[in-house]
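> My questions will all concern the structure given below.
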2 protein chains.
Amino acid sequence: MAEKVTIATVAQHARVSRQTVSNVINAPHIVRPETRQRVQDAIVTLGYRANQAARQMRTGRSRLIAVRIEPTRDGINGSVLDRFLHGLTETAEASGYRVMLYTAADDDREIATYGDLLSAYDLDGFVITGTDHGDPRTAWLAEREIPFVTFGRPWDHLQSHSWVDVDGAAGTAAATAHLIAAGHRRTGFIGWPAGSGVGDDRRAGWRRALVETSVDPTALDAETEDGIAEGARAARELLDRPAPPTALVCASDSLALGAMQTLRTAGADLPVIGFDDTPVAAAVGLSSVSQPLGDAAARCVDLLTDLLDGPRHGPRQVLLRPALVLRHPA
Amino acid sequence: MAEKVTIATVAQHARVSRQTVSNVINAPHIVRPETRQRVQDAIVTLGYRANQAARQMRTGRSRLIAVRIEPTRDGINGSVLDRFLHGLTETAEASGYRVMLYTAADDDREIATYGDLLSAYDLDGFVITGTDHGDPRTAWLAEREIPFVTFGRPWDHLQSHSWVDVDGAAGTAAATAHLIAAGHRRTGFIGWPAGSGVGDDRRAGWRRALVETSVDPTALDAETEDGIAEGARAARELLDRPAPPTALVCASDSLALGAMQTLRTAGADLPVIGFDDTPVAAAVGLSSVSQPLGDAAARCVDLLTDLLDGPRHGPRQVLLRPALVLRHPA
């Protein structure tokens, strides 16, 4: 076997100081790209293993954060979390962090996976997605003082931990106000059954905008599970009411697509606005509320880095405003 | 500070043997879920750090594989690699591996990132996506004997390393044969400019199917960059030819969506078949060629595990058949 490769061997081979080699290993983002590449090439060529544990003993960081990816994805709405994941990986890298993925079929299995991950890898922390009322995952992590940030509010105790979220109510309120301004006082809503934090929030924005113009929302509200067929059915049901809506806001693009199909079949020319500005919305010319996912991801990295740098602040919260993207059906 | 937590402390706390604790750390998938969770809870509660380096000294594996995620995504076609990523994470976990993400704007920066990753984390290997002729990335990895599998063929030397790919030519050939059988001998093609492995392969399948029925493909072929507007323009150009096609096969769903827009505007009722079976295709009723992405991801994990288990075989290759998904526009 060849003689042991040390940091000094690497430094000599790459014609840099040992400090530079150490920087490349511990804080690569501060080293000039050319130098970094020369040192990395020496590291790989010589087979030097500046492994994570050694690095961690020096920096106290693994520079590794974990986030869940769905095992299978909802064709239309799944793209939202994917876009968040792209943004998270990109902004984490810019701060010197890498992203590790895991899957979990439900909250219990996700918590079991935290155990798996924490016992096998020295993670710095977690970015938790898809929060809901009384979330057992954040409770588990908080109890063990494991750093985490959620993308999504803790719907019960808003100050309990650091989170980033998008103001869904502001989005549906803006969509509804836009339709009202275009003359559609009877703007209906197709949303999910009451009880979910995200769904209730999106409905609340629509209600608020109607109530502000003294329209009673009750007769214009339809509840259904998510999906294209479900949206089509709910739209049909709304059109059959005594005083049907003249425009629609939906809690998702899937519901909005279904509603559009019903309207086309019925020959009814009602404007529809969806939620999440998915690629499908762009392709079919559906107006939609767009979440600033890249920004949300960057803020999650900021807040997590903040936690890792020490308890200088208490938990911090960031609520971002979505944008209304207006289109005309092709 | 509390006394040092050892594997024995964890075993005692969880009321299991030290071997079981070791199994939970090194091969969690072989331990019963209840036991595993009890041990993991003990590990986390006691703050035992069975870190990656220690684990690796015992097993020779980090159980960590890296794959690229695009920094920003093409709205429609980007979903293909996302679905692959979901499948990869899921099947890697089933084999006891975790997936780490990285981004890279081009091949050179991707190679620089390999250096970053290899010097900071003891990765077991890479899954490389988006291969093309003379790929410098696989050459770099091969030269350094770093285990990797590609999702996509090395278009030049097919036996040079292990890969998994989907037979794109078989997909477009099946789509074309379907249209020919429906009476469309003049089935046209909208594809990318010649030179890319994937694009040339998809065009080759269409050509083969036409030539088999003695139709000259030359006058039915349109080349364009990818995109909805590009597909719309190419379809218009094809329709203006002296003997226009009566059906279309496209190299992507984006191109096919553009073609559908042109046909709708022109009032022309030509069948169109896209490629990749994206959520957009499903939403608008576009027939499309579907890649078995979950299967492809699972085979990548298989081949990589194979390489890591030692050189029992030479490089292995898996070429999967895509499926034709037929729909009727809504």
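Lettering and numbering for the structure tokens are positional, with chains as A, B, ... in the shown order, residues counted from 1 in each chain, and ligands counted from 1 in the shown order.
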Kindly provide, as number ranges by chain, the residues of chain B having any atom no farther than 8 Å from an atom of chain A, counting only C-alpha atoms.
B: 25-26, 28, 37, 40-41, 43-45, 48-53, 55, 69-73, 75-76, 79, 82-83, 86-87, 89-90, 93, 98-103, 112, 115-116, 118-122, 144, 257, 261, 278-280, 283-284, 330
> Mind doing a quick least-squares superposition of chain B onto chain A, all C-alpha atoms paired one-to-one in order, and writing it out as an mmCIF file with C-alpha atoms, in the first residue's frame?

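Output file part-v2.cif is given in full below:
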```cif
data_model
loop_
_atom_site.group_PDB
_atom_site.id
_atom_site.type_symbol
_atom_site.label_atom_id
_atom_site.label_comp_id
_atom_site.auth_asym_id
_atom_site.auth_seq_id
_atom_site.Cartn_x
_atom_site.Cartn_y
_atom_site.Cartn_z
ATOM 1 C CA MET B 1 -0.018 -0.016 0.229
ATOM 2 C CA ALA B 2 1.117 3.529 -0.526
ATOM 3 C CA GLU B 3 2.229 5.777 2.323
ATOM 4 C CA LYS B 4 -0.487 7.630 4.203
ATOM 5 C CA VAL B 5 -1.833 10.692 2.426
ATOM 6 C CA THR B 6 -2.065 13.674 4.750
ATOM 7 C CA ILE B 7 -3.213 17.226 4.379
ATOM 8 C CA ALA B 8 0.468 18.140 3.878
ATOM 9 C CA THR B 9 0.788 15.723 0.935
ATOM 10 C CA VAL B 10 -2.256 17.310 -0.672
ATOM 11 C CA ALA B 11 -0.912 20.832 -0.064
ATOM 12 C CA GLN B 12 2.431 19.952 -1.630
ATOM 13 C CA HIS B 13 0.823 18.260 -4.630
ATOM 14 C CA ALA B 14 -1.505 21.229 -5.269
ATOM 15 C CA ARG B 15 1.221 23.802 -4.493
ATOM 16 C CA VAL B 16 -0.827 25.576 -1.831
ATOM 17 C CA SER B 17 -0.617 26.024 1.948
ATOM 18 C CA ARG B 18 -2.109 23.524 4.344
ATOM 19 C CA GLN B 19 -4.532 26.244 5.433
ATOM 20 C CA THR B 20 -5.819 26.465 1.866
ATOM 21 C CA VAL B 21 -6.394 22.714 1.745
ATOM 22 C CA SER B 22 -8.235 23.007 5.032
ATOM 23 C CA ASN B 23 -10.328 25.835 3.630
ATOM 24 C CA VAL B 24 -11.215 23.801 0.545
ATOM 25 C CA ILE B 25 -12.426 21.037 2.833
ATOM 26 C CA ASN B 26 -14.202 23.129 5.439
ATOM 27 C CA ALA B 27 -15.376 26.217 3.610
ATOM 28 C CA PRO B 28 -14.952 25.647 -0.133
ATOM 29 C CA HIS B 29 -17.046 28.690 -1.016
ATOM 30 C CA ILE B 30 -14.355 31.055 0.309
ATOM 31 C CA VAL B 31 -11.594 29.629 -1.953
ATOM 32 C CA ARG B 32 -11.023 30.885 -5.517
ATOM 33 C CA PRO B 33 -12.515 28.427 -8.064
ATOM 34 C CA GLU B 34 -9.192 27.656 -9.831
ATOM 35 C CA THR B 35 -7.406 26.990 -6.552
ATOM 36 C CA ARG B 36 -10.301 24.987 -5.240
ATOM 37 C CA GLN B 37 -10.362 22.794 -8.302
ATOM 38 C CA ARG B 38 -6.576 22.217 -8.141
ATOM 39 C CA VAL B 39 -6.813 21.191 -4.496
ATOM 40 C CA GLN B 40 -9.830 18.984 -5.098
ATOM 41 C CA ASP B 41 -8.111 17.311 -7.975
ATOM 42 C CA ALA B 42 -5.138 16.601 -5.719
ATOM 43 C CA ILE B 43 -7.456 15.248 -3.031
ATOM 44 C CA VAL B 44 -9.184 12.911 -5.460
ATOM 45 C CA THR B 45 -6.007 11.880 -7.304
ATOM 46 C CA LEU B 46 -4.139 11.106 -4.083
ATOM 47 C CA GLY B 47 -7.176 9.453 -2.561
ATOM 48 C CA TYR B 48 -7.094 11.716 0.480
ATOM 49 C CA ARG B 49 -10.168 11.148 2.589
ATOM 50 C CA ALA B 50 -10.954 14.338 4.441
ATOM 51 C CA ASN B 51 -13.973 12.603 5.737
ATOM 52 C CA GLN B 52 -17.020 14.133 7.200
ATOM 53 C CA ALA B 53 -16.257 13.123 10.772
ATOM 54 C CA ALA B 54 -12.797 14.687 10.691
ATOM 55 C CA ARG B 55 -14.200 17.777 9.111
ATOM 56 C CA GLN B 56 -16.925 17.946 11.666
ATOM 57 C CA MET B 57 -14.530 17.745 14.567
ATOM 58 C CA ARG B 58 -12.977 20.909 13.217
ATOM 59 C CA THR B 59 -16.098 22.842 12.262
ATOM 60 C CA GLY B 60 -18.867 21.319 14.336
ATOM 61 C CA ARG B 61 -20.929 21.037 11.177
ATOM 62 C CA SER B 62 -21.722 18.245 8.770
ATOM 63 C CA ARG B 63 -23.071 20.794 6.273
ATOM 64 C CA LEU B 64 -25.791 18.351 5.418
ATOM 65 C CA ILE B 65 -29.512 19.084 5.685
ATOM 66 C CA ALA B 66 -32.333 16.660 5.039
ATOM 67 C CA VAL B 67 -35.641 17.200 3.281
ATOM 68 C CA ARG B 68 -38.444 14.847 2.313
ATOM 69 C CA ILE B 69 -39.316 14.011 -1.273
ATOM 70 C CA GLU B 70 -42.626 12.281 -1.996
ATOM 71 C CA PRO B 71 -42.254 8.594 -2.912
ATOM 72 C CA THR B 72 -44.748 9.013 -5.737
ATOM 73 C CA ARG B 73 -45.996 12.291 -7.040
ATOM 74 C CA ASP B 74 -49.289 13.856 -7.869
ATOM 75 C CA GLY B 75 -48.802 14.734 -11.520
ATOM 76 C CA ILE B 76 -49.957 18.321 -11.363
ATOM 77 C CA ASN B 77 -49.576 19.664 -7.847
ATOM 78 C CA GLY B 78 -46.494 17.631 -6.974
ATOM 79 C CA SER B 79 -44.451 20.020 -9.088
ATOM 80 C CA VAL B 80 -44.741 22.664 -6.344
ATOM 81 C CA LEU B 81 -42.604 20.778 -3.836
ATOM 82 C CA ASP B 82 -40.256 19.771 -6.642
ATOM 83 C CA ARG B 83 -39.663 23.402 -7.509
ATOM 84 C CA PHE B 84 -39.090 24.125 -3.816
ATOM 85 C CA LEU B 85 -36.549 21.292 -3.744
ATOM 86 C CA HIS B 86 -34.670 22.660 -6.746
ATOM 87 C CA GLY B 87 -34.497 26.066 -5.062
ATOM 88 C CA LEU B 88 -33.458 24.554 -1.748
ATOM 89 C CA THR B 89 -30.593 22.572 -3.262
ATOM 90 C CA GLU B 90 -29.376 25.592 -5.152
ATOM 91 C CA THR B 91 -29.473 28.056 -2.262
ATOM 92 C CA ALA B 92 -28.139 25.521 0.243
ATOM 93 C CA GLU B 93 -25.113 24.991 -2.006
ATOM 94 C CA ALA B 94 -24.519 28.724 -2.186
ATOM 95 C CA SER B 95 -24.256 28.666 1.631
ATOM 96 C CA GLY B 96 -21.998 25.602 1.620
ATOM 97 C CA TYR B 97 -24.666 23.019 2.487
ATOM 98 C CA ARG B 98 -25.750 19.844 0.722
ATOM 99 C CA VAL B 99 -29.240 18.397 0.675
ATOM 100 C CA MET B 100 -30.008 14.782 1.532
ATOM 101 C CA LEU B 101 -33.347 13.273 0.553
ATOM 102 C CA TYR B 102 -35.628 10.875 2.334
ATOM 103 C CA THR B 103 -39.111 9.554 1.732
ATOM 104 C CA ALA B 104 -41.836 8.736 4.251
ATOM 105 C CA ALA B 105 -45.380 7.552 3.685
ATOM 106 C CA ASP B 106 -46.847 9.241 6.777
ATOM 107 C CA ASP B 107 -45.895 11.258 9.852
ATOM 108 C CA ASP B 108 -45.038 8.224 11.993
ATOM 109 C CA ARG B 109 -42.776 6.772 9.363
ATOM 110 C CA GLU B 110 -41.222 10.178 8.811
ATOM 111 C CA ILE B 111 -40.356 10.384 12.518
ATOM 112 C CA ALA B 112 -38.874 6.880 12.338
ATOM 113 C CA THR B 113 -36.787 8.092 9.405
ATOM 114 C CA TYR B 114 -35.471 11.021 11.460
ATOM 115 C CA GLY B 115 -34.105 8.372 13.804
ATOM 116 C CA ASP B 116 -32.575 6.459 10.867
ATOM 117 C CA LEU B 117 -30.943 9.583 9.520
ATOM 118 C CA LEU B 118 -29.711 10.973 12.829
ATOM 119 C CA SER B 119 -28.181 7.686 13.875
ATOM 120 C CA ALA B 120 -26.434 7.162 10.541
ATOM 121 C CA TYR B 121 -25.453 10.664 9.407
ATOM 122 C CA ASP B 122 -24.567 13.673 11.485
ATOM 123 C CA LEU B 123 -27.102 15.962 9.929
ATOM 124 C CA ASP B 124 -27.080 19.636 10.765
ATOM 125 C CA GLY B 125 -30.847 19.881 10.552
ATOM 126 C CA PHE B 126 -34.096 19.365 8.701
ATOM 127 C CA VAL B 127 -36.350 21.321 6.394
ATOM 128 C CA ILE B 128 -39.857 19.999 7.050
ATOM 129 C CA THR B 129 -42.594 20.430 4.453
ATOM 130 C CA GLY B 130 -46.365 20.004 4.512
ATOM 131 C CA THR B 131 -47.096 21.143 8.070
ATOM 132 C CA ASP B 132 -50.560 20.712 9.552
ATOM 133 C CA HIS B 133 -52.417 21.222 12.826
ATOM 134 C CA GLY B 134 -50.710 19.519 15.785
ATOM 135 C CA ASP B 135 -47.819 18.283 13.665
ATOM 136 C CA PRO B 136 -46.143 15.384 15.526
ATOM 137 C CA ARG B 137 -42.952 15.734 13.466
ATOM 138 C CA THR B 138 -42.008 19.195 14.665
ATOM 139 C CA ALA B 139 -42.940 18.205 18.230
ATOM 140 C CA TRP B 140 -40.540 15.238 18.015
ATOM 141 C CA LEU B 141 -37.683 17.342 16.649
ATOM 142 C CA ALA B 142 -38.264 20.207 19.099
ATOM 143 C CA GLU B 143 -38.284 17.835 22.060
ATOM 144 C CA ARG B 144 -34.852 16.539 21.043
ATOM 145 C CA GLU B 145 -33.542 20.029 20.244
ATOM 146 C CA ILE B 146 -32.726 19.060 16.667
ATOM 147 C CA PRO B 147 -32.496 22.170 14.462
ATOM 148 C CA PHE B 148 -35.265 22.465 11.890
ATOM 149 C CA VAL B 149 -37.201 24.966 9.832
ATOM 150 C CA THR B 150 -40.587 24.284 8.297
ATOM 151 C CA PHE B 151 -41.832 25.361 4.885
ATOM 152 C CA GLY B 152 -45.384 25.867 6.045
ATOM 153 C CA ARG B 153 -46.781 27.338 9.248
ATOM 154 C CA PRO B 154 -47.389 25.461 12.477
ATOM 155 C CA TRP B 155 -51.092 26.225 12.280
ATOM 156 C CA ASP B 156 -51.642 26.136 16.043
ATOM 157 C CA HIS B 157 -48.808 28.015 17.744
ATOM 158 C CA LEU B 158 -47.348 30.425 15.239
ATOM 159 C CA GLN B 159 -44.333 31.446 17.332
ATOM 160 C CA SER B 160 -43.270 27.942 18.353
ATOM 161 C CA HIS B 161 -40.454 27.508 15.822
ATOM 162 C CA SER B 162 -38.831 29.040 12.751
ATOM 163 C CA TRP B 163 -40.828 28.763 9.557
ATOM 164 C CA VAL B 164 -41.274 30.157 6.074
ATOM 165 C CA ASP B 165 -44.649 30.160 4.398
ATOM 166 C CA VAL B 166 -46.556 31.776 1.577
ATOM 167 C CA ASP B 167 -49.661 33.789 2.417
ATOM 168 C CA GLY B 168 -52.247 31.661 0.622
ATOM 169 C CA ALA B 169 -55.147 33.769 1.869
ATOM 170 C CA ALA B 170 -53.543 36.877 0.361
ATOM 171 C CA GLY B 171 -53.293 34.966 -2.935
ATOM 172 C CA THR B 172 -56.933 33.895 -3.125
ATOM 173 C CA ALA B 173 -58.023 37.344 -1.863
ATOM 174 C CA ALA B 174 -56.066 38.997 -4.683
ATOM 175 C CA ALA B 175 -57.535 36.575 -7.247
ATOM 176 C CA THR B 176 -61.057 37.212 -5.959
ATOM 177 C CA ALA B 177 -60.571 40.985 -5.827
ATOM 178 C CA HIS B 178 -59.350 40.873 -9.436
ATOM 179 C CA LEU B 179 -62.522 39.070 -10.532
ATOM 180 C CA ILE B 180 -64.779 41.363 -8.473
ATOM 181 C CA ALA B 181 -63.100 44.387 -10.082
ATOM 182 C CA ALA B 182 -63.902 42.834 -13.477
ATOM 183 C CA GLY B 183 -67.584 42.816 -12.489
ATOM 184 C CA HIS B 184 -67.870 39.322 -10.939
ATOM 185 C CA ARG B 185 -69.431 39.989 -7.550
ATOM 186 C CA ARG B 186 -70.641 36.372 -7.466
ATOM 187 C CA THR B 187 -67.182 34.770 -7.558
ATOM 188 C CA GLY B 188 -67.410 31.169 -6.386
ATOM 189 C CA PHE B 189 -64.771 29.000 -4.702
ATOM 190 C CA ILE B 190 -63.840 25.347 -5.141
ATOM 191 C CA GLY B 191 -61.664 24.198 -2.270
ATOM 192 C CA TRP B 192 -60.836 21.252 -0.052
ATOM 193 C CA PRO B 193 -62.941 20.054 2.877
ATOM 194 C CA ALA B 194 -62.478 22.173 6.005
ATOM 195 C CA GLY B 195 -59.799 21.124 8.484
ATOM 196 C CA SER B 196 -56.452 21.460 6.690
ATOM 197 C CA GLY B 197 -54.335 24.490 7.490
ATOM 198 C CA VAL B 198 -53.460 25.238 3.873
ATOM 199 C CA GLY B 199 -56.962 24.628 2.534
ATOM 200 C CA ASP B 200 -58.730 26.700 5.183
ATOM 201 C CA ASP B 201 -56.268 29.534 4.618
ATOM 202 C CA ARG B 202 -56.944 29.627 0.868
ATOM 203 C CA ARG B 203 -60.705 29.596 1.453
ATOM 204 C CA ALA B 204 -60.382 32.379 4.064
ATOM 205 C CA GLY B 205 -58.825 34.785 1.537
ATOM 206 C CA TRP B 206 -61.672 34.286 -0.917
ATOM 207 C CA ARG B 207 -64.282 34.714 1.829
ATOM 208 C CA ARG B 208 -62.624 37.902 3.077
ATOM 209 C CA ALA B 209 -62.641 39.476 -0.400
ATOM 210 C CA LEU B 210 -66.334 38.660 -0.905
ATOM 211 C CA VAL B 211 -67.371 39.863 2.555
ATOM 212 C CA GLU B 212 -65.508 43.132 1.937
ATOM 213 C CA THR B 213 -67.901 43.775 -0.965
ATOM 214 C CA SER B 214 -70.894 42.636 1.128
ATOM 215 C CA VAL B 215 -71.463 39.391 -0.764
ATOM 216 C CA ASP B 216 -72.443 36.352 1.321
ATOM 217 C CA PRO B 217 -69.958 33.599 0.387
ATOM 218 C CA THR B 218 -72.010 30.688 1.752
ATOM 219 C CA ALA B 219 -73.991 29.895 -1.396
ATOM 220 C CA LEU B 220 -70.891 30.217 -3.606
ATOM 221 C CA ASP B 221 -68.648 27.742 -1.780
ATOM 222 C CA ALA B 222 -67.972 24.158 -2.916
ATOM 223 C CA GLU B 223 -65.944 21.582 -0.971
ATOM 224 C CA THR B 224 -64.256 18.602 -2.601
ATOM 225 C CA GLU B 225 -61.130 16.491 -2.477
ATOM 226 C CA ASP B 226 -58.365 17.555 -4.873
ATOM 227 C CA GLY B 227 -58.306 16.361 -8.485
ATOM 228 C CA ILE B 228 -59.385 17.207 -12.016
ATOM 229 C CA ALA B 229 -62.518 15.027 -11.970
ATOM 230 C CA GLU B 230 -63.414 16.411 -8.525
ATOM 231 C CA GLY B 231 -63.039 19.997 -9.763
ATOM 232 C CA ALA B 232 -65.220 19.244 -12.797
ATOM 233 C CA ARG B 233 -67.937 17.782 -10.562
ATOM 234 C CA ALA B 234 -67.829 20.676 -8.079
ATOM 235 C CA ALA B 235 -68.088 23.231 -10.907
ATOM 236 C CA ARG B 236 -71.124 21.423 -12.320
ATOM 237 C CA GLU B 237 -72.729 21.453 -8.880
ATOM 238 C CA LEU B 238 -72.054 25.198 -8.494
ATOM 239 C CA LEU B 239 -73.498 25.969 -11.943
ATOM 240 C CA ASP B 240 -76.707 24.116 -10.986
ATOM 241 C CA ARG B 241 -77.344 26.323 -7.949
ATOM 242 C CA PRO B 242 -80.202 28.895 -8.044
ATOM 243 C CA ALA B 243 -77.778 31.845 -8.245
ATOM 244 C CA PRO B 244 -74.656 30.327 -9.811
ATOM 245 C CA PRO B 245 -71.275 32.064 -9.674
ATOM 246 C CA THR B 246 -70.098 34.092 -12.680
ATOM 247 C CA ALA B 247 -66.402 33.425 -11.961
ATOM 248 C CA LEU B 248 -64.377 30.843 -10.012
ATOM 249 C CA VAL B 249 -61.335 30.791 -7.750
ATOM 250 C CA CYS B 250 -59.923 27.332 -6.971
ATOM 251 C CA ALA B 251 -57.626 26.030 -4.229
ATOM 252 C CA SER B 252 -55.427 24.224 -6.793
ATOM 253 C CA ASP B 253 -54.703 24.068 -10.506
ATOM 254 C CA SER B 254 -56.080 20.513 -10.603
ATOM 255 C CA LEU B 255 -59.468 21.729 -9.380
ATOM 256 C CA ALA B 256 -59.305 24.684 -11.774
ATOM 257 C CA LEU B 257 -58.544 22.421 -14.747
ATOM 258 C CA GLY B 258 -61.532 20.282 -13.911
ATOM 259 C CA ALA B 259 -63.696 23.401 -13.601
ATOM 260 C CA MET B 260 -62.462 24.602 -17.019
ATOM 261 C CA GLN B 261 -63.490 21.260 -18.560
ATOM 262 C CA THR B 262 -67.005 21.568 -17.145
ATOM 263 C CA LEU B 263 -67.328 25.150 -18.349
ATOM 264 C CA ARG B 264 -66.129 24.249 -21.831
ATOM 265 C CA THR B 265 -68.604 21.367 -22.054
ATOM 266 C CA ALA B 266 -71.408 23.583 -20.748
ATOM 267 C CA GLY B 267 -70.445 26.357 -23.173
ATOM 268 C CA ALA B 268 -70.179 28.688 -20.169
ATOM 269 C CA ASP B 269 -67.563 31.426 -20.464
ATOM 270 C CA LEU B 270 -66.620 32.001 -16.806
ATOM 271 C CA PRO B 271 -63.128 33.142 -15.849
ATOM 272 C CA VAL B 272 -61.281 30.654 -13.591
ATOM 273 C CA ILE B 273 -58.207 31.272 -11.439
ATOM 274 C CA GLY B 274 -56.215 28.344 -10.048
ATOM 275 C CA PHE B 275 -53.531 28.084 -7.392
ATOM 276 C CA ASP B 276 -49.828 27.171 -7.682
ATOM 277 C CA ASP B 277 -49.076 28.248 -11.209
ATOM 278 C CA THR B 278 -48.046 24.762 -12.286
ATOM 279 C CA PRO B 279 -46.590 23.988 -15.727
ATOM 280 C CA VAL B 280 -50.026 22.705 -16.678
ATOM 281 C CA ALA B 281 -51.565 26.129 -15.933
ATOM 282 C CA ALA B 282 -48.967 27.788 -18.144
ATOM 283 C CA ALA B 283 -49.570 25.270 -20.943
ATOM 284 C CA VAL B 284 -53.358 25.645 -21.040
ATOM 285 C CA GLY B 285 -53.521 29.394 -20.379
ATOM 286 C CA LEU B 286 -54.995 29.124 -16.873
ATOM 287 C CA SER B 287 -54.572 32.168 -14.619
ATOM 288 C CA SER B 288 -53.144 31.110 -11.266
ATOM 289 C CA VAL B 289 -51.692 32.240 -7.952
ATOM 290 C CA SER B 290 -47.923 31.725 -7.985
ATOM 291 C CA GLN B 291 -45.896 30.933 -4.869
ATOM 292 C CA PRO B 292 -42.375 32.431 -4.751
ATOM 293 C CA LEU B 293 -40.793 29.001 -4.247
ATOM 294 C CA GLY B 294 -37.191 29.979 -4.944
ATOM 295 C CA ASP B 295 -37.446 32.775 -2.412
ATOM 296 C CA ALA B 296 -39.160 30.490 0.108
ATOM 297 C CA ALA B 297 -36.344 27.942 -0.258
ATOM 298 C CA ALA B 298 -33.683 30.616 0.200
ATOM 299 C CA ARG B 299 -35.370 31.904 3.358
ATOM 300 C CA CYS B 300 -35.534 28.364 4.754
ATOM 301 C CA VAL B 301 -31.780 28.034 4.295
ATOM 302 C CA ASP B 302 -31.278 31.447 5.928
ATOM 303 C CA LEU B 303 -33.355 30.581 8.975
ATOM 304 C CA LEU B 304 -31.741 27.165 9.364
ATOM 305 C CA THR B 305 -28.228 28.623 9.075
ATOM 306 C CA ASP B 306 -29.284 31.139 11.680
ATOM 307 C CA LEU B 307 -30.322 28.405 14.079
ATOM 308 C CA LEU B 308 -27.067 26.531 13.465
ATOM 309 C CA ASP B 309 -24.990 29.631 14.094
ATOM 310 C CA GLY B 310 -26.350 29.667 17.610
ATOM 311 C CA PRO B 311 -29.356 31.001 19.477
ATOM 312 C CA ARG B 312 -28.852 34.686 18.800
ATOM 313 C CA HIS B 313 -32.546 35.129 18.140
ATOM 314 C CA GLY B 314 -35.645 33.225 19.111
ATOM 315 C CA PRO B 315 -37.584 31.452 16.359
ATOM 316 C CA ARG B 316 -38.105 33.587 13.280
ATOM 317 C CA GLN B 317 -41.009 33.537 10.834
ATOM 318 C CA VAL B 318 -41.247 34.661 7.226
ATOM 319 C CA LEU B 319 -44.570 35.005 5.423
ATOM 320 C CA LEU B 320 -44.146 35.648 1.695
ATOM 321 C CA ARG B 321 -46.745 37.127 -0.655
ATOM 322 C CA PRO B 322 -47.736 35.122 -3.714
ATOM 323 C CA ALA B 323 -48.281 36.736 -7.124
ATOM 324 C CA LEU B 324 -51.331 36.584 -9.369
ATOM 325 C CA VAL B 325 -50.394 35.375 -12.870
ATOM 326 C CA LEU B 326 -53.073 36.303 -15.395
ATOM 327 C CA ARG B 327 -53.423 34.390 -18.673
ATOM 328 C CA HIS B 328 -55.970 33.809 -21.377
ATOM 329 C CA PRO B 329 -56.969 30.238 -22.217
ATOM 330 C CA ALA B 330 -55.442 29.081 -25.510
#
```
> Which parts of range 205-301 of chain A does DSSP call strand (DSSP E or B) when run on the backbone here, written out as a list in words?
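Selection result, strand (DSSP E or B) within range 205-301 of chain A: Asp221, Ala222, Glu223, Ala247, Leu248, Val249, Cys250, Val272, Ile273, Gly274, Phe275, Ser287, Ser288, Val289 and Ser290 of chain A.
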> Please produce an output containing N, CA, C and O atoms for each residue in the selection, written as a short mmCIF file (atom, residue, chain, number, x, y, z; two decimals), in the first residue's frame.

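Output file again-v5.cif is given in full below:
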```
data_model
loop_
_atom_site.label_atom_id
_atom_site.label_comp_id
_atom_site.auth_asym_id
_atom_site.auth_seq_id
_atom_site.Cartn_x
_atom_site.Cartn_y
_atom_site.Cartn_z
N ASP A 221 -69.82 28.55 -2.32
CA ASP A 221 -68.68 27.76 -1.84
C ASP A 221 -68.91 26.27 -2.12
O ASP A 221 -69.96 25.74 -1.79
N ALA A 222 -67.91 25.61 -2.72
CA ALA A 222 -68.00 24.17 -2.96
C ALA A 222 -66.80 23.47 -2.34
O ALA A 222 -65.67 23.91 -2.49
N GLU A 223 -67.06 22.36 -1.65
CA GLU A 223 -65.98 21.59 -1.02
C GLU A 223 -65.80 20.26 -1.72
O GLU A 223 -66.77 19.54 -1.95
N ALA A 247 -67.84 33.62 -11.93
CA ALA A 247 -66.38 33.45 -12.00
C ALA A 247 -65.99 32.48 -10.90
O ALA A 247 -66.75 32.27 -9.95
N LEU A 248 -64.81 31.86 -11.03
CA LEU A 248 -64.37 30.86 -10.04
C LEU A 248 -62.92 31.06 -9.63
O LEU A 248 -62.04 31.29 -10.46
N VAL A 249 -62.68 30.89 -8.31
CA VAL A 249 -61.33 30.79 -7.76
C VAL A 249 -61.21 29.39 -7.20
O VAL A 249 -62.16 28.90 -6.56
N CYS A 250 -60.10 28.73 -7.45
CA CYS A 250 -59.94 27.34 -6.99
C CYS A 250 -58.70 27.21 -6.10
O CYS A 250 -57.72 27.93 -6.27
N VAL A 272 -61.67 31.56 -14.70
CA VAL A 272 -61.26 30.66 -13.61
C VAL A 272 -59.83 31.02 -13.21
O VAL A 272 -58.99 31.27 -14.09
N ILE A 273 -59.57 31.05 -11.92
CA ILE A 273 -58.20 31.26 -11.45
C ILE A 273 -57.81 30.10 -10.53
O ILE A 273 -58.55 29.77 -9.59
N GLY A 274 -56.68 29.47 -10.84
CA GLY A 274 -56.21 28.34 -10.05
C GLY A 274 -55.20 28.76 -9.00
O GLY A 274 -55.05 29.96 -8.71
N PHE A 275 -54.53 27.78 -8.42
CA PHE A 275 -53.53 28.08 -7.39
C PHE A 275 -52.32 27.18 -7.59
O PHE A 275 -52.47 25.96 -7.69
N SER A 287 -55.05 31.19 -15.58
CA SER A 287 -54.54 32.15 -14.60
C SER A 287 -54.38 31.43 -13.27
O SER A 287 -55.15 30.53 -12.95
N SER A 288 -53.39 31.85 -12.49
CA SER A 288 -53.14 31.10 -11.26
C SER A 288 -52.35 31.94 -10.26
O SER A 288 -51.67 32.90 -10.64
N VAL A 289 -52.44 31.56 -8.98
CA VAL A 289 -51.68 32.22 -7.93
C VAL A 289 -50.33 31.51 -7.83
O VAL A 289 -50.27 30.29 -7.70
N SER A 290 -49.26 32.27 -7.91
CA SER A 290 -47.92 31.70 -7.97
C SER A 290 -47.17 31.91 -6.65
O SER A 290 -47.03 33.03 -6.18
#
```
